[in-house]
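Visitor: File start_32.cif follows (mmCIF, C-alpha atoms):
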```
data_start
#
loop_
_atom_site.label_atom_id
_atom_site.label_comp_id
_atom_site.auth_asym_id
_atom_site.auth_seq_id
_atom_site.Cartn_x
_atom_site.Cartn_y
_atom_site.Cartn_z
CA MET A 1 -60.69 -19.03 -21.14
CA ALA A 2 -57.02 -18.25 -21.85
CA ARG A 3 -54.80 -21.20 -22.45
CA LYS A 4 -52.19 -21.83 -19.79
CA THR A 5 -48.62 -21.25 -21.03
CA PRO A 6 -46.44 -24.26 -20.35
CA GLU A 7 -43.96 -23.75 -17.51
CA VAL A 8 -40.42 -22.93 -18.62
CA ASN A 9 -37.96 -25.54 -17.53
CA ALA A 10 -35.54 -23.81 -15.20
CA GLY A 11 -33.51 -26.87 -14.35
CA SER A 12 -30.46 -25.81 -16.32
CA MET A 13 -30.43 -22.34 -14.85
CA ALA A 14 -28.27 -23.56 -11.98
CA ASP A 15 -25.75 -25.02 -14.41
CA ILE A 16 -25.49 -21.74 -16.30
CA ALA A 17 -25.01 -19.81 -13.08
CA PHE A 18 -22.38 -22.31 -11.95
CA LEU A 19 -20.52 -21.86 -15.18
CA MET A 20 -20.41 -18.10 -14.73
CA LEU A 21 -19.41 -18.46 -11.11
CA ILE A 22 -16.48 -20.68 -12.02
CA PHE A 23 -15.44 -18.29 -14.77
CA PHE A 24 -15.25 -15.43 -12.27
CA LEU A 25 -13.45 -17.55 -9.69
CA VAL A 26 -10.74 -18.35 -12.21
CA THR A 27 -10.23 -14.98 -13.85
CA THR A 28 -10.32 -12.69 -10.84
CA THR A 29 -8.18 -12.12 -7.80
CA MET A 30 -9.34 -11.08 -4.41
CA ASP A 31 -6.42 -8.97 -3.24
CA VAL A 32 -7.29 -5.43 -2.31
CA ASP A 33 -4.48 -3.10 -3.20
CA THR A 34 -3.29 -1.42 -0.09
CA GLY A 35 0.08 0.07 0.53
CA ILE A 36 2.22 2.87 1.80
CA ILE A 37 2.03 5.74 -0.66
CA ARG A 38 5.15 7.87 -0.99
CA GLN A 39 6.32 10.64 -3.23
CA LEU A 40 9.84 10.35 -4.61
CA SER A 41 11.89 13.47 -5.08
CA PRO A 42 13.22 14.39 -8.52
CA PRO A 43 16.87 13.47 -9.01
CA PRO A 44 19.13 16.29 -7.77
CA PRO A 45 21.13 18.24 -10.35
CA LYS A 46 24.76 17.17 -10.53
CA ASP A 47 26.28 20.25 -8.91
CA ALA A 48 23.55 20.75 -6.32
CA PRO A 49 24.92 22.06 -3.04
CA ILE A 50 24.23 19.94 0.01
CA PRO A 51 21.31 21.64 1.74
CA ASP A 52 22.32 23.14 5.01
CA ILE A 53 19.96 21.74 7.62
CA ASN A 54 20.35 22.62 11.24
CA LYS A 55 21.59 19.50 13.05
CA ARG A 56 18.99 19.92 15.72
CA ASN A 57 16.22 19.59 13.12
CA MET A 58 17.44 16.22 11.88
CA MET A 59 16.69 12.78 13.18
CA THR A 60 18.91 10.34 11.34
CA ILE A 61 17.79 6.74 11.21
CA LEU A 62 20.29 4.29 9.81
CA VAL A 63 19.59 0.60 9.13
CA ASN A 64 22.47 -1.72 8.44
CA ASN A 65 22.81 -5.06 6.68
CA GLN A 66 21.82 -6.95 9.82
CA ASP A 67 18.61 -4.89 10.06
CA ALA A 68 19.93 -3.18 13.19
CA LEU A 69 18.88 0.40 13.81
CA MET A 70 20.82 3.47 14.78
CA ILE A 71 19.19 6.80 15.62
CA ASN A 72 21.45 9.85 15.69
CA GLY A 73 24.46 7.63 16.20
CA LYS A 74 23.02 5.60 19.05
CA PRO A 75 21.77 2.01 18.74
CA ALA A 76 17.99 1.81 18.83
CA ASP A 77 15.19 -0.69 18.48
CA ILE A 78 12.21 -0.93 16.15
CA SER A 79 9.82 -1.37 19.09
CA THR A 80 10.61 2.10 20.45
CA LEU A 81 10.96 3.83 17.08
CA ARG A 82 7.37 5.06 17.01
CA ALA A 83 7.69 6.70 20.43
CA ASP A 84 11.12 8.13 19.52
CA VAL A 85 9.87 9.76 16.33
CA LYS A 86 6.80 11.08 18.09
CA ASP A 87 8.90 12.54 20.87
CA PHE A 88 11.30 14.13 18.39
CA MET A 89 8.50 15.75 16.39
CA SER A 90 6.60 17.02 19.42
CA ILE A 91 6.60 20.75 20.12
CA HIS A 92 9.23 22.01 22.57
CA PRO A 93 9.80 25.70 21.71
CA ASP A 94 12.68 26.46 24.06
CA ASP A 95 14.50 23.15 24.32
CA PRO A 96 17.66 22.99 22.15
CA ALA A 97 17.44 19.18 22.14
CA TYR A 98 14.32 19.39 19.96
CA PRO A 99 13.82 20.84 16.46
CA VAL A 100 13.17 24.52 15.88
CA VAL A 101 9.53 25.50 16.23
CA GLU A 102 7.85 28.12 14.06
CA LEU A 103 4.46 29.76 14.09
CA LYS A 104 2.32 29.13 11.02
CA THR A 105 -1.25 29.95 10.11
CA PHE A 106 -3.53 27.31 8.62
CA ASP A 107 -7.12 27.40 7.47
CA TYR A 108 -9.54 26.08 10.11
CA LEU A 109 -6.74 25.76 12.68
CA GLY A 110 -5.52 29.33 13.13
CA GLU A 111 -1.99 30.06 14.18
CA ILE A 112 -0.23 27.00 15.56
CA GLN A 113 3.29 25.95 16.38
CA VAL A 114 4.89 23.64 13.83
CA SER A 115 8.05 21.63 14.30
CA ARG A 116 10.66 21.96 11.58
CA GLY A 117 12.02 18.50 12.27
CA ILE A 118 12.93 16.13 9.46
CA VAL A 119 13.27 12.39 9.79
CA SER A 120 16.06 11.16 7.57
CA LEU A 121 16.06 7.48 6.69
CA LYS A 122 19.07 5.74 5.30
CA SER A 123 19.27 2.08 4.42
CA LEU A 124 22.16 0.04 3.05
CA ARG A 125 22.06 -2.31 0.09
CA GLY A 126 21.88 -5.33 2.36
CA THR A 127 18.95 -4.13 4.44
CA SER A 128 15.89 -6.32 4.04
CA TYR A 129 12.81 -4.82 2.42
CA GLU A 130 10.67 -6.13 5.26
CA MET A 131 12.64 -4.08 7.80
CA TYR A 132 12.51 -1.01 5.59
CA ILE A 133 8.72 -1.24 5.37
CA LYS A 134 8.47 -1.76 9.13
CA ILE A 135 10.43 1.45 9.70
CA GLN A 136 8.40 3.42 7.16
CA ASP A 137 5.27 2.10 8.86
CA GLN A 138 6.43 3.05 12.36
CA ILE A 139 7.36 6.57 11.20
CA ALA A 140 3.97 6.96 9.53
CA ALA A 141 2.29 5.69 12.70
CA ALA A 142 4.17 8.27 14.80
CA PHE A 143 3.02 11.06 12.49
CA SER A 144 -0.54 9.81 12.55
CA ASP A 145 -0.40 9.84 16.38
CA LEU A 146 0.68 13.48 16.27
CA ARG A 147 -2.14 14.30 13.86
CA ASP A 148 -4.61 12.58 16.14
CA GLU A 149 -3.36 14.66 19.05
CA LEU A 150 -3.72 17.90 17.12
CA ALA A 151 -7.20 16.91 15.94
CA MET A 152 -8.15 16.01 19.51
CA GLN A 153 -6.91 19.36 20.77
CA LYS A 154 -8.60 21.44 18.04
CA PHE A 155 -11.78 19.52 17.26
CA GLY A 156 -12.13 17.06 20.15
CA LYS A 157 -12.00 14.06 17.84
CA LYS A 158 -9.32 11.82 16.41
CA GLN A 159 -8.43 12.49 12.81
CA ASP A 160 -10.03 9.35 11.40
CA LYS A 161 -13.27 10.24 13.22
CA LEU A 162 -13.47 13.64 11.51
CA VAL A 163 -16.06 13.90 8.78
CA ASP A 164 -15.31 17.20 7.04
CA PRO A 165 -12.57 16.60 4.42
CA ASN A 166 -11.43 20.21 4.83
CA LEU A 167 -10.58 19.61 8.47
CA ILE A 168 -8.77 16.36 7.67
CA ASP A 169 -6.81 18.16 5.00
CA ALA A 170 -5.97 21.02 7.35
CA ILE A 171 -4.52 18.59 9.90
CA ASN A 172 -2.50 16.86 7.19
CA LYS A 173 -1.10 20.19 6.08
CA ALA A 174 -0.23 21.30 9.60
CA ILE A 175 1.70 18.12 10.35
CA LYS A 176 3.47 17.14 7.19
CA LEU A 177 5.04 13.74 6.87
CA SER A 178 8.59 14.98 6.64
CA VAL A 179 10.63 11.93 5.82
CA SER A 180 13.67 12.37 3.66
CA GLU A 181 15.54 9.48 2.17
CA ALA A 182 19.26 9.75 1.81
CA GLU A 183 20.74 9.27 -1.64
CA PRO A 184 21.73 5.62 -1.79
CA GLU A 185 25.39 4.76 -1.64
CA ASP A 186 26.85 1.63 -3.06
CA ILE A 187 28.01 0.13 0.17
CA GLY A 188 27.04 -2.90 2.13
CA GLY A 189 27.19 -5.62 -0.52
CA LYS A 190 24.19 -7.27 -2.11
CA MET B 1 -50.41 -41.75 19.76
CA SER B 2 -51.72 -42.76 16.42
CA ARG B 3 -52.76 -39.17 15.98
CA PHE B 4 -49.23 -38.24 14.87
CA LYS B 5 -48.85 -41.08 12.46
CA LYS B 6 -48.75 -40.01 8.82
CA GLU B 7 -51.41 -41.20 6.54
CA GLY B 8 -50.78 -42.44 3.07
CA SER B 9 -47.48 -43.17 1.37
CA LYS B 10 -44.14 -43.21 3.23
CA ASP B 11 -42.25 -41.68 0.25
CA VAL B 12 -40.05 -38.70 0.99
CA PRO B 13 -41.08 -35.84 -1.29
CA ALA B 14 -38.43 -34.67 -3.77
CA ILE B 15 -36.40 -31.69 -2.54
CA SER B 16 -37.20 -28.65 -4.58
CA THR B 17 -34.16 -27.35 -6.42
CA SER B 18 -35.88 -24.37 -7.92
CA SER B 19 -34.07 -21.97 -5.57
CA MET B 20 -30.68 -23.40 -6.52
CA PRO B 21 -30.08 -20.89 -9.34
CA ASP B 22 -30.85 -18.05 -6.93
CA ILE B 23 -28.27 -19.29 -4.47
CA ILE B 24 -25.65 -19.72 -7.17
CA PHE B 25 -26.43 -16.27 -8.57
CA MET B 26 -25.97 -14.81 -5.12
CA LEU B 27 -22.55 -16.44 -4.88
CA LEU B 28 -21.74 -15.22 -8.37
CA PHE B 29 -22.61 -11.62 -7.52
CA PHE B 30 -20.60 -11.83 -4.32
CA PHE B 31 -17.51 -12.86 -6.27
CA MET B 32 -18.13 -10.30 -9.00
CA VAL B 33 -18.27 -7.51 -6.45
CA THR B 34 -15.41 -8.51 -4.17
CA THR B 35 -12.81 -9.52 -6.73
CA THR B 36 -10.91 -7.74 -9.45
CA MET B 37 -9.74 -9.01 -12.82
CA LYS B 38 -6.27 -10.48 -12.94
CA GLN B 39 -3.87 -8.13 -14.68
CA THR B 40 -0.85 -10.31 -15.25
CA THR B 41 0.34 -13.71 -14.25
CA VAL B 42 2.84 -13.20 -11.49
CA MET B 43 6.00 -15.18 -12.16
CA VAL B 44 7.79 -14.29 -8.94
CA ARG B 45 7.17 -15.33 -5.36
CA ASN B 46 5.33 -12.40 -3.90
CA THR B 47 4.80 -12.46 -0.17
CA LEU B 48 4.21 -8.84 0.69
CA PRO B 49 5.35 -7.31 3.97
CA GLN B 50 2.75 -6.20 6.51
CA ALA B 51 2.11 -2.68 7.71
CA SER B 52 -0.59 -0.94 9.71
CA GLU B 53 -0.53 2.59 8.25
CA VAL B 54 -1.75 1.62 4.82
CA GLU B 55 -3.87 3.49 2.34
CA LYS B 56 -6.10 2.00 -0.31
CA LEU B 57 -5.12 2.50 -3.91
CA GLU B 58 -7.83 4.32 -5.80
CA LYS B 59 -8.32 4.28 -9.57
CA LYS B 60 -6.96 0.89 -10.54
CA SER B 61 -6.59 1.95 -14.17
CA LEU B 62 -3.97 4.52 -13.19
CA VAL B 63 -1.74 2.06 -11.40
CA SER B 64 1.14 0.28 -13.05
CA PHE B 65 2.71 -2.65 -11.28
CA ILE B 66 6.29 -3.73 -10.81
CA HIS B 67 6.69 -7.16 -9.24
CA VAL B 68 9.96 -8.10 -7.58
CA GLY B 69 10.87 -11.38 -5.94
CA PRO B 70 12.58 -14.72 -6.36
CA PRO B 71 11.28 -16.51 -9.49
CA GLN B 72 8.72 -19.25 -9.00
CA ASN B 73 10.48 -21.46 -11.51
CA LYS B 74 13.75 -21.94 -9.65
CA ALA B 75 15.16 -24.51 -12.05
CA VAL B 76 15.11 -22.11 -14.98
CA TYR B 77 15.54 -18.67 -13.46
CA GLY B 78 17.50 -19.29 -10.24
CA THR B 79 16.79 -17.95 -6.79
CA GLU B 80 18.00 -14.35 -7.01
CA PRO B 81 15.16 -11.79 -6.84
CA ARG B 82 14.15 -10.63 -10.31
CA ILE B 83 12.04 -7.77 -11.63
CA GLN B 84 8.88 -8.59 -13.53
CA LEU B 85 7.39 -5.98 -15.83
CA ASN B 86 4.10 -6.98 -17.45
CA ASP B 87 4.52 -10.63 -18.40
CA ARG B 88 8.27 -11.04 -18.52
CA PHE B 89 11.42 -10.69 -16.47
CA ALA B 90 13.34 -7.49 -17.02
CA LEU B 91 16.51 -5.72 -16.05
CA VAL B 92 16.73 -2.59 -13.90
CA SER B 93 17.73 -0.62 -17.00
CA GLU B 94 14.42 -1.47 -18.71
CA ILE B 95 12.30 0.31 -16.09
CA GLN B 96 12.57 3.75 -17.70
CA GLU B 97 11.24 2.35 -20.98
CA PHE B 98 8.45 0.57 -19.11
CA VAL B 99 7.41 3.83 -17.41
CA THR B 100 7.34 5.62 -20.77
CA LEU B 101 5.21 2.87 -22.30
CA GLU B 102 2.81 2.90 -19.36
CA ARG B 103 2.53 6.66 -19.65
CA ASP B 104 1.80 6.52 -23.37
CA ALA B 105 -0.95 3.99 -22.77
CA ARG B 106 -2.92 6.45 -20.63
CA ASP B 107 -4.91 9.54 -21.55
CA GLU B 108 -2.95 12.73 -21.55
CA VAL B 109 -4.95 14.25 -18.69
CA ASP B 110 -4.40 11.20 -16.50
CA ARG B 111 -0.67 10.89 -17.01
CA LYS B 112 0.39 12.86 -13.99
CA PHE B 113 -1.77 10.73 -11.71
CA ILE B 114 -0.11 7.42 -12.53
CA THR B 115 1.01 5.56 -9.44
CA THR B 116 3.65 2.89 -9.64
CA SER B 117 2.85 0.09 -7.26
CA LEU B 118 5.90 -1.82 -6.10
CA LYS B 119 4.95 -5.36 -5.19
CA ILE B 120 8.13 -6.55 -3.60
CA HIS B 121 8.76 -9.85 -1.84
CA ASN B 122 9.59 -9.21 1.79
CA GLU B 123 12.97 -10.97 1.70
CA THR B 124 14.31 -8.79 -1.10
CA LYS B 125 17.32 -6.66 -0.23
CA MET B 126 17.12 -2.88 -0.33
CA GLY B 127 19.94 -2.70 -2.89
CA LEU B 128 17.63 -3.84 -5.68
CA VAL B 129 14.75 -1.76 -4.34
CA SER B 130 16.77 1.44 -4.27
CA ASP B 131 18.07 0.71 -7.79
CA ILE B 132 14.45 0.51 -8.94
CA LYS B 133 13.59 3.71 -7.08
CA GLN B 134 16.51 5.54 -8.68
CA GLU B 135 15.32 4.44 -12.13
CA LEU B 136 11.78 5.58 -11.35
CA ARG B 137 13.08 8.96 -10.26
CA LYS B 138 15.04 9.29 -13.48
CA ALA B 139 11.95 8.31 -15.47
CA GLY B 140 9.83 10.87 -13.63
CA ALA B 141 7.46 8.40 -11.99
CA PHE B 142 7.49 10.04 -8.58
CA LYS B 143 4.31 8.69 -7.08
CA ILE B 144 4.95 5.22 -5.74
CA ASN B 145 3.18 2.78 -3.51
CA TYR B 146 4.92 0.13 -1.49
CA SER B 147 2.33 -2.59 -1.70
CA THR B 148 1.75 -4.12 1.72
CA ARG B 149 -0.79 -6.32 3.38
CA LYS B 150 -2.78 -4.72 6.14
CA LEU B 151 -1.66 -5.76 9.58
CA VAL B 152 -4.72 -6.88 11.46
CA GLY B 153 -5.14 -6.23 15.13
CA ARG B 154 -2.92 -3.81 17.05
CA LYS B 155 -3.11 -0.23 15.89
#
```
Take the structure I supplied and represent it as structure tokens, if you would.
Guide:
Amino acid sequence: MARKTPEVNAGSMADIAFLMLIFFLVTTTMDVDTGIIRQLSPPPPKDAPIPDINKRNMMTILVNNQDALMINGKPADISTLRADVKDFMSIHPDDPAYPVVELKTFDYLGEIQVSRGIVSLKSLRGTSYEMYIKIQDQIAAAFSDLRDELAMQKFGKKQDKLVDPNLIDAINKAIKLSVSEAEPEDIGGK
Amino acid sequence: MSRFKKEGSKDVPAISTSSMPDIIFMLLFFFMVTTTMKQTTVMVRNTLPQASEVEKLEKKSLVSFIHVGPPQNKAVYGTEPRIQLNDRFALVSEIQEFVTLERDARDEVDRKFITTSLKIHNETKMGLVSDIKQELRKAGAFKINYSTRKLVGRK
């Protein structure tokens, strides 16, 4: 008959595991890195001409030191910004109050009408970062609404419900996030 | 009712602790999976703004961080928002050098995918932020990420 091996004492196993647990608690952080991803433009050459953009294609958003908004010279509010941007970027081929519309062909989508509108965002030195992010967020939300609408119309699903990455990409290409940031000027104090 | 009465000793049997290591290991694995290693010690107050249209940052190794906010040690560094690069406070003019160093630290193939994550305290003024952005543009670090917390609820 084989001799029984003595049982291994596992009492300290818990202590070892605790030690490792505490090590990981101390050395790691839990924050998931999320954020608004943007592409900066290269610095313009010194003698670059000011690009000539049709006034009707521009939506100028200005934020001042008191975090108050102005859209195309009229006072506005952050709560309606999303709807304003969405309305501005929507397709109205024959209305001179809206941006110029052009026909473009995209993979998977065919020939569709695309707005040439540009949202121009200008902040002063005294604007708070929190407000700036709120505005960026609202603009992005407006564009994502438009993308959802296009996806709904073409594929019968919202964009985030689409599975095929090609289709998602096609929608992103058709409705580009056209936000331009004005060159900063040294006004408005700290 | 004596049927239900226990026979023998009244001693409570010892609770078995043999499953304790398993429980602790489970906790350990949970923390190992959900957390990430600390990169630097943040020396500035860093309450990030909230936004709903956020994207997740992929490839942590290709992200370099710039922290901006009022220093935690008010007595020594004052209350004005400062820039923190790696483990020390820096000036706006040092950002270009920082970008170059970060770029040199990565593989050549990965260099064009480097994202600069701006972790900026929400009370900072845009003046400092646009100064930083101008420096990043000059340094050629065009891909940036305004680090924000995800706004829960309303979409």
Visitor: Applying 7 Å and only C-alpha atoms, which residues near stretch 168-183 of chain A remain after dropping the ones on its own chain fewer than 3 positions away? List them as an mmCIF file with C-alpha atoms, keeping the file's coordinate frame.
Guide:
```cif
data_model
loop_
_atom_site.group_PDB
_atom_site.id
_atom_site.type_symbol
_atom_site.label_atom_id
_atom_site.label_comp_id
_atom_site.auth_asym_id
_atom_site.auth_seq_id
_atom_site.Cartn_x
_atom_site.Cartn_y
_atom_site.Cartn_z
ATOM 1 C CA PHE A 106 -3.530 27.310 8.620
ATOM 2 C CA ASP A 107 -7.120 27.400 7.470
ATOM 3 C CA TYR A 108 -9.540 26.080 10.110
ATOM 4 C CA ILE A 118 12.930 16.130 9.460
ATOM 5 C CA VAL A 119 13.270 12.390 9.790
ATOM 6 C CA SER A 120 16.060 11.160 7.570
ATOM 7 C CA LEU A 121 16.060 7.480 6.690
ATOM 8 C CA LYS A 122 19.070 5.740 5.300
ATOM 9 C CA PHE A 143 3.020 11.060 12.490
ATOM 10 C CA ARG A 147 -2.140 14.300 13.860
ATOM 11 C CA ALA A 151 -7.200 16.910 15.940
ATOM 12 C CA GLN A 159 -8.430 12.490 12.810
ATOM 13 C CA LEU A 162 -13.470 13.640 11.510
ATOM 14 C CA ASP A 164 -15.310 17.200 7.040
ATOM 15 C CA PRO A 165 -12.570 16.600 4.420
#
```
Visitor: Calculated over all atoms listed in the file, which of the candidates A:Val85, A:Met70, A:Ile22, A:Met58 has the smallest distance to A:Pro99?
Guide: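 The shortest atom-to-atom distance to A:Pro99 comes from A:Met58.
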Visitor: Using only C-alpha atoms for the distances, tell me which of B:Val99, B:Ala141, B:Val109, B:Val12 is nearest to chain A.
Guide: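 Using only C-alpha atoms, the shortest distance to chain A belongs to B:Ala141.
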Visitor: Mind pulling up the distance from atom CA of A:Val101 to atom CA of A:Arg116?
Guide: 6.0 Å
Visitor: Chain A residues within 9 Å of chain B, counting all atoms listed in the file: which ones, as a ChimeraX atom specification?
Guide: /A:10-18,20-22,24-25,27-43,65,123-134,136-138,140-141,144,184,186,188-190
Visitor: For a quick check of understanding, using all atoms listed in the file, which of B:Pro81, B:Ser64, B:Lys59, B:Thr40 has the smallest distance to B:Leu101?
Guide: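 Answer, going by the shortest atom-to-atom distance: B:Ser64.
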Visitor: Please indicate the distance in Å from atom CA of B:Ile66 to atom CA of A:Ala142, rounded to one decimal place.
Guide: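 So the answer is 28.4 Å.
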Visitor: Could you tell me, as a short mmCIF file (atom, residue, chain, number, x, y, z; two decimals) with C-alpha atoms, keeping the file's coordinate frame, which residues have any atom at most 10 Å from (15.0, 24.5, 17.7), counting all atoms listed in the file?
Guide:
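point-v1.cif, freshly written:
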```cif
data_model
loop_
_atom_site.label_atom_id
_atom_site.label_comp_id
_atom_site.auth_asym_id
_atom_site.auth_seq_id
_atom_site.Cartn_x
_atom_site.Cartn_y
_atom_site.Cartn_z
CA ASN A 54 20.35 22.62 11.24
CA LYS A 55 21.59 19.50 13.05
CA ARG A 56 18.99 19.92 15.72
CA ASN A 57 16.22 19.59 13.12
CA ILE A 91 6.60 20.75 20.12
CA HIS A 92 9.23 22.01 22.57
CA PRO A 93 9.80 25.70 21.71
CA ASP A 94 12.68 26.46 24.06
CA ASP A 95 14.50 23.15 24.32
CA PRO A 96 17.66 22.99 22.15
CA ALA A 97 17.44 19.18 22.14
CA TYR A 98 14.32 19.39 19.96
CA PRO A 99 13.82 20.84 16.46
CA VAL A 100 13.17 24.52 15.88
CA VAL A 101 9.53 25.50 16.23
CA GLU A 102 7.85 28.12 14.06
CA SER A 115 8.05 21.63 14.30
CA ARG A 116 10.66 21.96 11.58
CA GLY A 117 12.02 18.50 12.27
#
```
Visitor: Rounded to one decimal place, report the atom CA of B:Asp107-atom CA of B:Arg82 distance in Å.
Guide: 29.9 Å
Visitor: So, with only C-alpha atoms as the atoms that count, which of A:Glu7, A:Lys154, A:Ile135, A:Glu149 lies closest to A:Arg82?
Guide: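 Closest residue, counting only C-alpha atoms: A:Ile135.
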Visitor: Will you model all heavy atoms for stretch 10-18 of chain B and pass it back as a PDB file, in the coordinates of the input?
Guide:
```pdb
ATOM      1  N   LYS B  10     -45.300 -43.535   2.396  1.00  0.00           N
ATOM      2  CA  LYS B  10     -44.140 -43.210   3.230  1.00  0.00           C
ATOM      3  C   LYS B  10     -43.048 -42.527   2.401  1.00  0.00           C
ATOM      4  O   LYS B  10     -41.964 -42.280   2.893  1.00  0.00           O
ATOM      5  CB  LYS B  10     -43.588 -44.519   3.832  1.00  0.00           C
ATOM      6  CG  LYS B  10     -44.514 -45.111   4.882  1.00  0.00           C
ATOM      7  CD  LYS B  10     -44.125 -44.597   6.266  1.00  0.00           C
ATOM      8  CE  LYS B  10     -45.219 -44.823   7.288  1.00  0.00           C
ATOM      9  NZ  LYS B  10     -45.526 -46.241   7.524  1.00  0.00           N
ATOM     10  N   ASP B  11     -43.281 -42.259   1.109  1.00  0.00           N
ATOM     11  CA  ASP B  11     -42.250 -41.680   0.250  1.00  0.00           C
ATOM     12  C   ASP B  11     -41.847 -40.270   0.697  1.00  0.00           C
ATOM     13  O   ASP B  11     -42.703 -39.454   1.047  1.00  0.00           O
ATOM     14  CB  ASP B  11     -42.777 -41.575  -1.199  1.00  0.00           C
ATOM     15  CG  ASP B  11     -42.630 -42.902  -1.910  1.00  0.00           C
ATOM     16  OD1 ASP B  11     -42.003 -43.800  -1.299  1.00  0.00           O
ATOM     17  OD2 ASP B  11     -43.139 -43.025  -3.036  1.00  0.00           O
ATOM     18  N   VAL B  12     -40.535 -40.040   0.670  1.00  0.00           N
ATOM     19  CA  VAL B  12     -40.050 -38.700   0.990  1.00  0.00           C
ATOM     20  C   VAL B  12     -40.265 -37.836  -0.252  1.00  0.00           C
ATOM     21  O   VAL B  12     -39.895 -38.249  -1.344  1.00  0.00           O
ATOM     22  CB  VAL B  12     -38.540 -38.739   1.332  1.00  0.00           C
ATOM     23  CG1 VAL B  12     -38.077 -37.382   1.792  1.00  0.00           C
ATOM     24  CG2 VAL B  12     -38.257 -39.797   2.366  1.00  0.00           C
ATOM     25  N   PRO B  13     -40.862 -36.679  -0.105  1.00  0.00           N
ATOM     26  CA  PRO B  13     -41.080 -35.840  -1.290  1.00  0.00           C
ATOM     27  C   PRO B  13     -39.752 -35.334  -1.832  1.00  0.00           C
ATOM     28  O   PRO B  13     -38.817 -35.106  -1.075  1.00  0.00           O
ATOM     29  CB  PRO B  13     -41.936 -34.688  -0.772  1.00  0.00           C
ATOM     30  CG  PRO B  13     -41.671 -34.656   0.685  1.00  0.00           C
ATOM     31  CD  PRO B  13     -41.398 -36.057   1.106  1.00  0.00           C
ATOM     32  N   ALA B  14     -39.661 -35.151  -3.158  1.00  0.00           N
ATOM     33  CA  ALA B  14     -38.430 -34.670  -3.770  1.00  0.00           C
ATOM     34  C   ALA B  14     -38.095 -33.260  -3.275  1.00  0.00           C
ATOM     35  O   ALA B  14     -38.992 -32.442  -3.126  1.00  0.00           O
ATOM     36  CB  ALA B  14     -38.582 -34.660  -5.280  1.00  0.00           C
ATOM     37  N   ILE B  15     -36.807 -33.024  -3.005  1.00  0.00           N
ATOM     38  CA  ILE B  15     -36.400 -31.690  -2.540  1.00  0.00           C
ATOM     39  C   ILE B  15     -36.466 -30.731  -3.722  1.00  0.00           C
ATOM     40  O   ILE B  15     -35.937 -31.015  -4.797  1.00  0.00           O
ATOM     41  CB  ILE B  15     -34.975 -31.730  -1.968  1.00  0.00           C
ATOM     42  CG1 ILE B  15     -34.926 -32.670  -0.767  1.00  0.00           C
ATOM     43  CG2 ILE B  15     -34.509 -30.350  -1.570  1.00  0.00           C
ATOM     44  CD1 ILE B  15     -33.551 -33.025  -0.318  1.00  0.00           C
ATOM     45  N   SER B  16     -37.072 -29.612  -3.492  1.00  0.00           N
ATOM     46  CA  SER B  16     -37.200 -28.650  -4.580  1.00  0.00           C
ATOM     47  C   SER B  16     -35.860 -27.952  -4.831  1.00  0.00           C
ATOM     48  O   SER B  16     -35.232 -27.443  -3.910  1.00  0.00           O
ATOM     49  CB  SER B  16     -38.256 -27.607  -4.214  1.00  0.00           C
ATOM     50  OG  SER B  16     -38.083 -26.485  -5.011  1.00  0.00           O
ATOM     51  N   THR B  17     -35.436 -27.996  -6.076  1.00  0.00           N
ATOM     52  CA  THR B  17     -34.160 -27.350  -6.420  1.00  0.00           C
ATOM     53  C   THR B  17     -34.384 -26.062  -7.181  1.00  0.00           C
ATOM     54  O   THR B  17     -33.471 -25.518  -7.774  1.00  0.00           O
ATOM     55  CB  THR B  17     -33.297 -28.287  -7.265  1.00  0.00           C
ATOM     56  OG1 THR B  17     -34.060 -28.702  -8.389  1.00  0.00           O
ATOM     57  CG2 THR B  17     -32.797 -29.473  -6.498  1.00  0.00           C
ATOM     58  N   SER B  18     -35.602 -25.567  -7.116  1.00  0.00           N
ATOM     59  CA  SER B  18     -35.880 -24.370  -7.920  1.00  0.00           C
ATOM     60  C   SER B  18     -35.172 -23.136  -7.388  1.00  0.00           C
ATOM     61  O   SER B  18     -34.976 -22.175  -8.118  1.00  0.00           O
ATOM     62  CB  SER B  18     -37.381 -24.135  -7.975  1.00  0.00           C
ATOM     63  OG  SER B  18     -37.860 -23.962  -6.660  1.00  0.00           O
TER      64      SER B  18
END
```
